[in-house]
Each structure stands twice: as C-alpha cells, then as structure tokens.
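K.L.:
For reference, the structure I am asking about is given below.
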Amino acid sequence: MLRILDAKSGETVPAVSARRALTRVEAHASGYDLTALRVLLTTDLLLRALELGGTPVLPLLTADHHQAELHAAATTLGIRPFEDGRDLAAGLGEAQVVHVTATGGTGPATGTGVTLAVAPADGPDAGVLGTLADPAALRLALLDASRSTAVHLGAGALDAAGRRLGRLRQSVAHWARSPSRPVPEKVRGRLRDAWEDDLDVPGVLAVLHWMENQPEIPDGARFETCAYADRLLALDLTRDLGRAA
C-alpha cells in the first residue's frame, strides 16, 4: 500500500483509505516556474502509483495564473492531462482526496484529505521546455531527488540527464533483442517497496541501476523490468526499440 508523509499532520499515512474508490488528486500550482513543474510532476507520479495499485484517479489542477502554460508544460513533460480543479472540485466531495502543493506555497484550504509537500526547484526558466530536443531529460533531472529535497539544476544538468537517459534507452533496446523473461519477483518487490514508500523515485532509479549489475538476471527480464518501471517513471525507456545499433 502506498504510504506518504502528510504535510498537515507530519505523519506517514496511507495515501488513500479505500484502495478501489475514486480518488481526487489535486495539484496546487502558483506561478509558472520549475517548482510549479515539480508539483505537477509529483502529482503525475502519485496518479501513476495509485493506478498501479488499483485505485481509480481523477487529476485536477488548481492555479490562479498561467493555467494555459501549465497545461501545455504538463503535456510536454508526459504528465497526465488535468481537469480544472476550480470547476470540478466542489461537486466531487471530500471523501477521498490527496493534495499536492509546493512547500510553503499556496495549498488547499483546511479540510479532509492528505497533503504532499514538494520542495522547491530552481535553475533554468520553465520556458526552457520549449527548447529541449527531449523534454524527458528535464523529467529525469527533477525525478532524481527526493520530493522533500530542494533541487538546483545548474549548468549542464539537463545535458547530463539527457546523456544518462540515452544510455539507459540504448541498454533497454539491446535487452529487448533477447527472449522476453518475466520481471523477477525480488526486483518487482524492490521497485514497489520504493515507490510505495513516500514515492521514493530515486529509490526506483537505484533499483534499475542495481539490476544492470546482477549477472544472474537475463537480458529479457531486464527489458521487462524497465518497461514495468516506466509505467511510473514515464521516461519513454522503450523509445529506441528497433533502431539501428
């Protein structure tokens, strides 16, 4: 079961009380910057983790400004489309809701549900998205730290993330040429243990790195493991399948 640190209570709690019940997941964004993009990305991770656990979700976005830019950025970063939170939230009730907001930023009013706080991110202007050949490099750069840790993307950070992503995609394409094998249960368990522990995405990435260095895991199983983990990461790890080596 996915457990998260509730910013309101300071306690680690189940993300949802009823796993099969429709859950409203609401991103609260103020402004249009890397912190806001990190809030949207964390919301997307939460949506994916809940769905992998069998919980139906409804993603909402509440923002006072820059709604068009935020929606466009979400699409570019591979984030699920959001409904307008101000239009829909009032009619959905508060029985099962999770809020995602920047630490110390504008968040939900008092009420039911748990709240995920996302540490700030700084570096290039959010408009850099429009200049990236592969926006997934920014997604990876923001995923590479715990959501409770502030992120600074210095010079060269996006290039480094892009190279790292390219190497992993090449490995996945190579592994795909071997006969398929199921995801080893110990690897599947480590992946789920990571993302169900307060959305520990750096832990998920660490499991993938660990897996690469386990000689007993066949290449076909490495491929299936990366494809499985990408249901959460959404880094398009299988993009290079079928391309010339």
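As shown in the structure tokens, the chain order sets the letters A, B, ...; within each chain, residues go from 1, and ligands are also counted from 1 in the order they appear.
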Find the spatial neighbours of Arg19 (chain A), counting only C-alpha atoms, within a cut-off of 8 Å - ignore same-chain residues fewer than 3 positions away - and output them as a ChimeraX atom specification.
P.N.:
/A:16,53-55
K.L.:
Just the residues within 12 Å of Thr76 (chain A), please, counting only C-alpha atoms, with nothing from its chain fewer than 2 positions along; format it as an MDAnalysis selection string.
P.N.:
chainID A and resid 37 40:41 69:74 78:81 126:139 234:235
K.L.:
Would you return as a PyMOL selection string the members of region 20-192 of chain A that DSSP assigns to strand (DSSP E) on this structure's backbone?
P.N.:
chain A and resi 23-29+57-63+83-84+97-102+114-118+121-122+151-152
K.L.:
Filtering to N, CA and C atoms, could you give me those residues as a PDB file, in the first residue's frame?
P.N.:
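See selection_25.pdb below for the written result:
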```pdb
ATOM      1  N   THR A  23     -10.419   8.486  -6.452  1.00  0.00           N
ATOM      2  CA  THR A  23      -9.632   9.412  -5.644  1.00  0.00           C
ATOM      3  C   THR A  23      -9.325  10.668  -6.452  1.00  0.00           C
ATOM      4  N   ARG A  24      -9.647  11.787  -5.863  1.00  0.00           N
ATOM      5  CA  ARG A  24      -9.338  13.075  -6.471  1.00  0.00           C
ATOM      6  C   ARG A  24      -7.920  13.469  -6.058  1.00  0.00           C
ATOM      7  N   VAL A  25      -7.079  13.703  -7.047  1.00  0.00           N
ATOM      8  CA  VAL A  25      -5.703  14.124  -6.798  1.00  0.00           C
ATOM      9  C   VAL A  25      -5.547  15.524  -7.374  1.00  0.00           C
ATOM     10  N   GLU A  26      -5.327  16.485  -6.497  1.00  0.00           N
ATOM     11  CA  GLU A  26      -5.371  17.889  -6.913  1.00  0.00           C
ATOM     12  C   GLU A  26      -4.016  18.553  -6.759  1.00  0.00           C
ATOM     13  N   ALA A  27      -3.476  19.041  -7.878  1.00  0.00           N
ATOM     14  CA  ALA A  27      -2.232  19.803  -7.879  1.00  0.00           C
ATOM     15  C   ALA A  27      -2.555  21.276  -7.664  1.00  0.00           C
ATOM     16  N   HIS A  28      -1.827  21.910  -6.751  1.00  0.00           N
ATOM     17  CA  HIS A  28      -1.987  23.341  -6.478  1.00  0.00           C
ATOM     18  C   HIS A  28      -0.709  24.044  -6.926  1.00  0.00           C
ATOM     19  N   ALA A  29      -0.818  24.827  -7.985  1.00  0.00           N
ATOM     20  CA  ALA A  29       0.357  25.495  -8.544  1.00  0.00           C
ATOM     21  C   ALA A  29       0.175  27.000  -8.489  1.00  0.00           C
ATOM     22  N   VAL A  57      -8.373   7.248 -10.393  1.00  0.00           N
ATOM     23  CA  VAL A  57      -7.988   8.606 -10.006  1.00  0.00           C
ATOM     24  C   VAL A  57      -8.611   9.636 -10.942  1.00  0.00           C
ATOM     25  N   LEU A  58      -8.770  10.837 -10.403  1.00  0.00           N
ATOM     26  CA  LEU A  58      -9.203  11.985 -11.185  1.00  0.00           C
ATOM     27  C   LEU A  58      -8.213  13.118 -10.934  1.00  0.00           C
ATOM     28  N   PRO A  59      -7.384  13.483 -11.925  1.00  0.00           N
ATOM     29  CA  PRO A  59      -6.393  14.544 -11.731  1.00  0.00           C
ATOM     30  C   PRO A  59      -6.995  15.934 -11.950  1.00  0.00           C
ATOM     31  N   LEU A  60      -6.742  16.815 -10.997  1.00  0.00           N
ATOM     32  CA  LEU A  60      -7.240  18.182 -11.075  1.00  0.00           C
ATOM     33  C   LEU A  60      -6.081  19.159 -10.901  1.00  0.00           C
ATOM     34  N   LEU A  61      -6.208  20.318 -11.533  1.00  0.00           N
ATOM     35  CA  LEU A  61      -5.219  21.381 -11.387  1.00  0.00           C
ATOM     36  C   LEU A  61      -5.908  22.646 -10.912  1.00  0.00           C
ATOM     37  N   THR A  62      -5.420  23.192  -9.795  1.00  0.00           N
ATOM     38  CA  THR A  62      -5.898  24.473  -9.293  1.00  0.00           C
ATOM     39  C   THR A  62      -4.749  25.469  -9.376  1.00  0.00           C
ATOM     40  N   ALA A  63      -4.927  26.509 -10.156  1.00  0.00           N
ATOM     41  CA  ALA A  63      -3.891  27.527 -10.321  1.00  0.00           C
ATOM     42  C   ALA A  63      -4.563  28.871 -10.539  1.00  0.00           C
ATOM     43  N   GLU A  83      -7.940  18.064 -15.256  1.00  0.00           N
ATOM     44  CA  GLU A  83      -9.182  18.827 -15.306  1.00  0.00           C
ATOM     45  C   GLU A  83      -8.998  20.106 -14.485  1.00  0.00           C
ATOM     46  N   ASP A  84      -9.890  21.077 -14.685  1.00  0.00           N
ATOM     47  CA  ASP A  84      -9.819  22.323 -13.935  1.00  0.00           C
ATOM     48  C   ASP A  84     -10.382  22.098 -12.535  1.00  0.00           C
ATOM     49  N   VAL A  97      -9.392  12.407  -1.073  1.00  0.00           N
ATOM     50  CA  VAL A  97      -8.697  13.427  -1.848  1.00  0.00           C
ATOM     51  C   VAL A  97      -7.269  13.529  -1.356  1.00  0.00           C
ATOM     52  N   VAL A  98      -6.349  13.743  -2.310  1.00  0.00           N
ATOM     53  CA  VAL A  98      -4.953  13.989  -1.992  1.00  0.00           C
ATOM     54  C   VAL A  98      -4.559  15.291  -2.678  1.00  0.00           C
ATOM     55  N   HIS A  99      -3.951  16.197  -1.907  1.00  0.00           N
ATOM     56  CA  HIS A  99      -3.483  17.471  -2.440  1.00  0.00           C
ATOM     57  C   HIS A  99      -1.972  17.420  -2.610  1.00  0.00           C
ATOM     58  N   VAL A 100      -1.475  18.079  -3.653  1.00  0.00           N
ATOM     59  CA  VAL A 100      -0.036  18.199  -3.880  1.00  0.00           C
ATOM     60  C   VAL A 100       0.280  19.681  -4.041  1.00  0.00           C
ATOM     61  N   THR A 101       1.205  20.180  -3.237  1.00  0.00           N
ATOM     62  CA  THR A 101       1.491  21.603  -3.246  1.00  0.00           C
ATOM     63  C   THR A 101       2.961  21.845  -2.949  1.00  0.00           C
ATOM     64  N   ALA A 102       3.464  23.009  -3.320  1.00  0.00           N
ATOM     65  CA  ALA A 102       4.840  23.364  -3.003  1.00  0.00           C
ATOM     66  C   ALA A 102       4.986  23.613  -1.508  1.00  0.00           C
ATOM     67  N   VAL A 114      -5.176  14.157   2.547  1.00  0.00           N
ATOM     68  CA  VAL A 114      -3.779  14.335   2.929  1.00  0.00           C
ATOM     69  C   VAL A 114      -3.107  15.252   1.928  1.00  0.00           C
ATOM     70  N   THR A 115      -1.963  15.804   2.335  1.00  0.00           N
ATOM     71  CA  THR A 115      -1.258  16.778   1.511  1.00  0.00           C
ATOM     72  C   THR A 115       0.197  16.375   1.347  1.00  0.00           C
ATOM     73  N   LEU A 116       0.651  16.306   0.109  1.00  0.00           N
ATOM     74  CA  LEU A 116       2.058  16.091  -0.196  1.00  0.00           C
ATOM     75  C   LEU A 116       2.700  17.448  -0.438  1.00  0.00           C
ATOM     76  N   ALA A 117       3.781  17.733   0.274  1.00  0.00           N
ATOM     77  CA  ALA A 117       4.531  18.968   0.063  1.00  0.00           C
ATOM     78  C   ALA A 117       5.742  18.669  -0.806  1.00  0.00           C
ATOM     79  N   VAL A 118       5.999  19.527  -1.774  1.00  0.00           N
ATOM     80  CA  VAL A 118       7.085  19.330  -2.737  1.00  0.00           C
ATOM     81  C   VAL A 118       8.096  20.455  -2.562  1.00  0.00           C
ATOM     82  N   ALA A 121      12.340  23.869  -6.676  1.00  0.00           N
ATOM     83  CA  ALA A 121      13.347  23.590  -7.697  1.00  0.00           C
ATOM     84  C   ALA A 121      13.694  24.902  -8.385  1.00  0.00           C
ATOM     85  N   ASP A 122      14.973  25.090  -8.680  1.00  0.00           N
ATOM     86  CA  ASP A 122      15.358  26.280  -9.437  1.00  0.00           C
ATOM     87  C   ASP A 122      16.427  25.906 -10.447  1.00  0.00           C
ATOM     88  N   VAL A 151      15.886  21.140  -5.244  1.00  0.00           N
ATOM     89  CA  VAL A 151      16.658  20.795  -6.441  1.00  0.00           C
ATOM     90  C   VAL A 151      17.180  22.065  -7.088  1.00  0.00           C
ATOM     91  N   HIS A 152      18.459  22.073  -7.407  1.00  0.00           N
ATOM     92  CA  HIS A 152      19.033  23.152  -8.208  1.00  0.00           C
ATOM     93  C   HIS A 152      19.631  22.542  -9.465  1.00  0.00           C
TER      94      HIS A 152
END
```
K.L.:
Would you compute the distance between CA of Val39 (chain A) and CA of Gln170 (chain A)? Give it in Å to one decimal.
P.N.:
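Rounded to one decimal, the two atoms are 29.4 Å apart.
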K.L.:
Can you tell me how far CA of Leu208 (chain A) sits from CA of Arg190 (chain A), in Å to one decimal?
P.N.:
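According to the coordinates, CA of Leu208 (chain A) and CA of Arg190 (chain A) are separated by 9.7 Å.
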K.L.:
Using only C-alpha atoms, which of A:Ser17, A:Asp64, A:Ala161, A:Asp200 sits nearest Thr149 (chain A)?
P.N.:
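Of A:Ser17, A:Asp64, A:Ala161, A:Asp200, the one nearest Thr149 (chain A) is A:Asp200, counting only C-alpha atoms.
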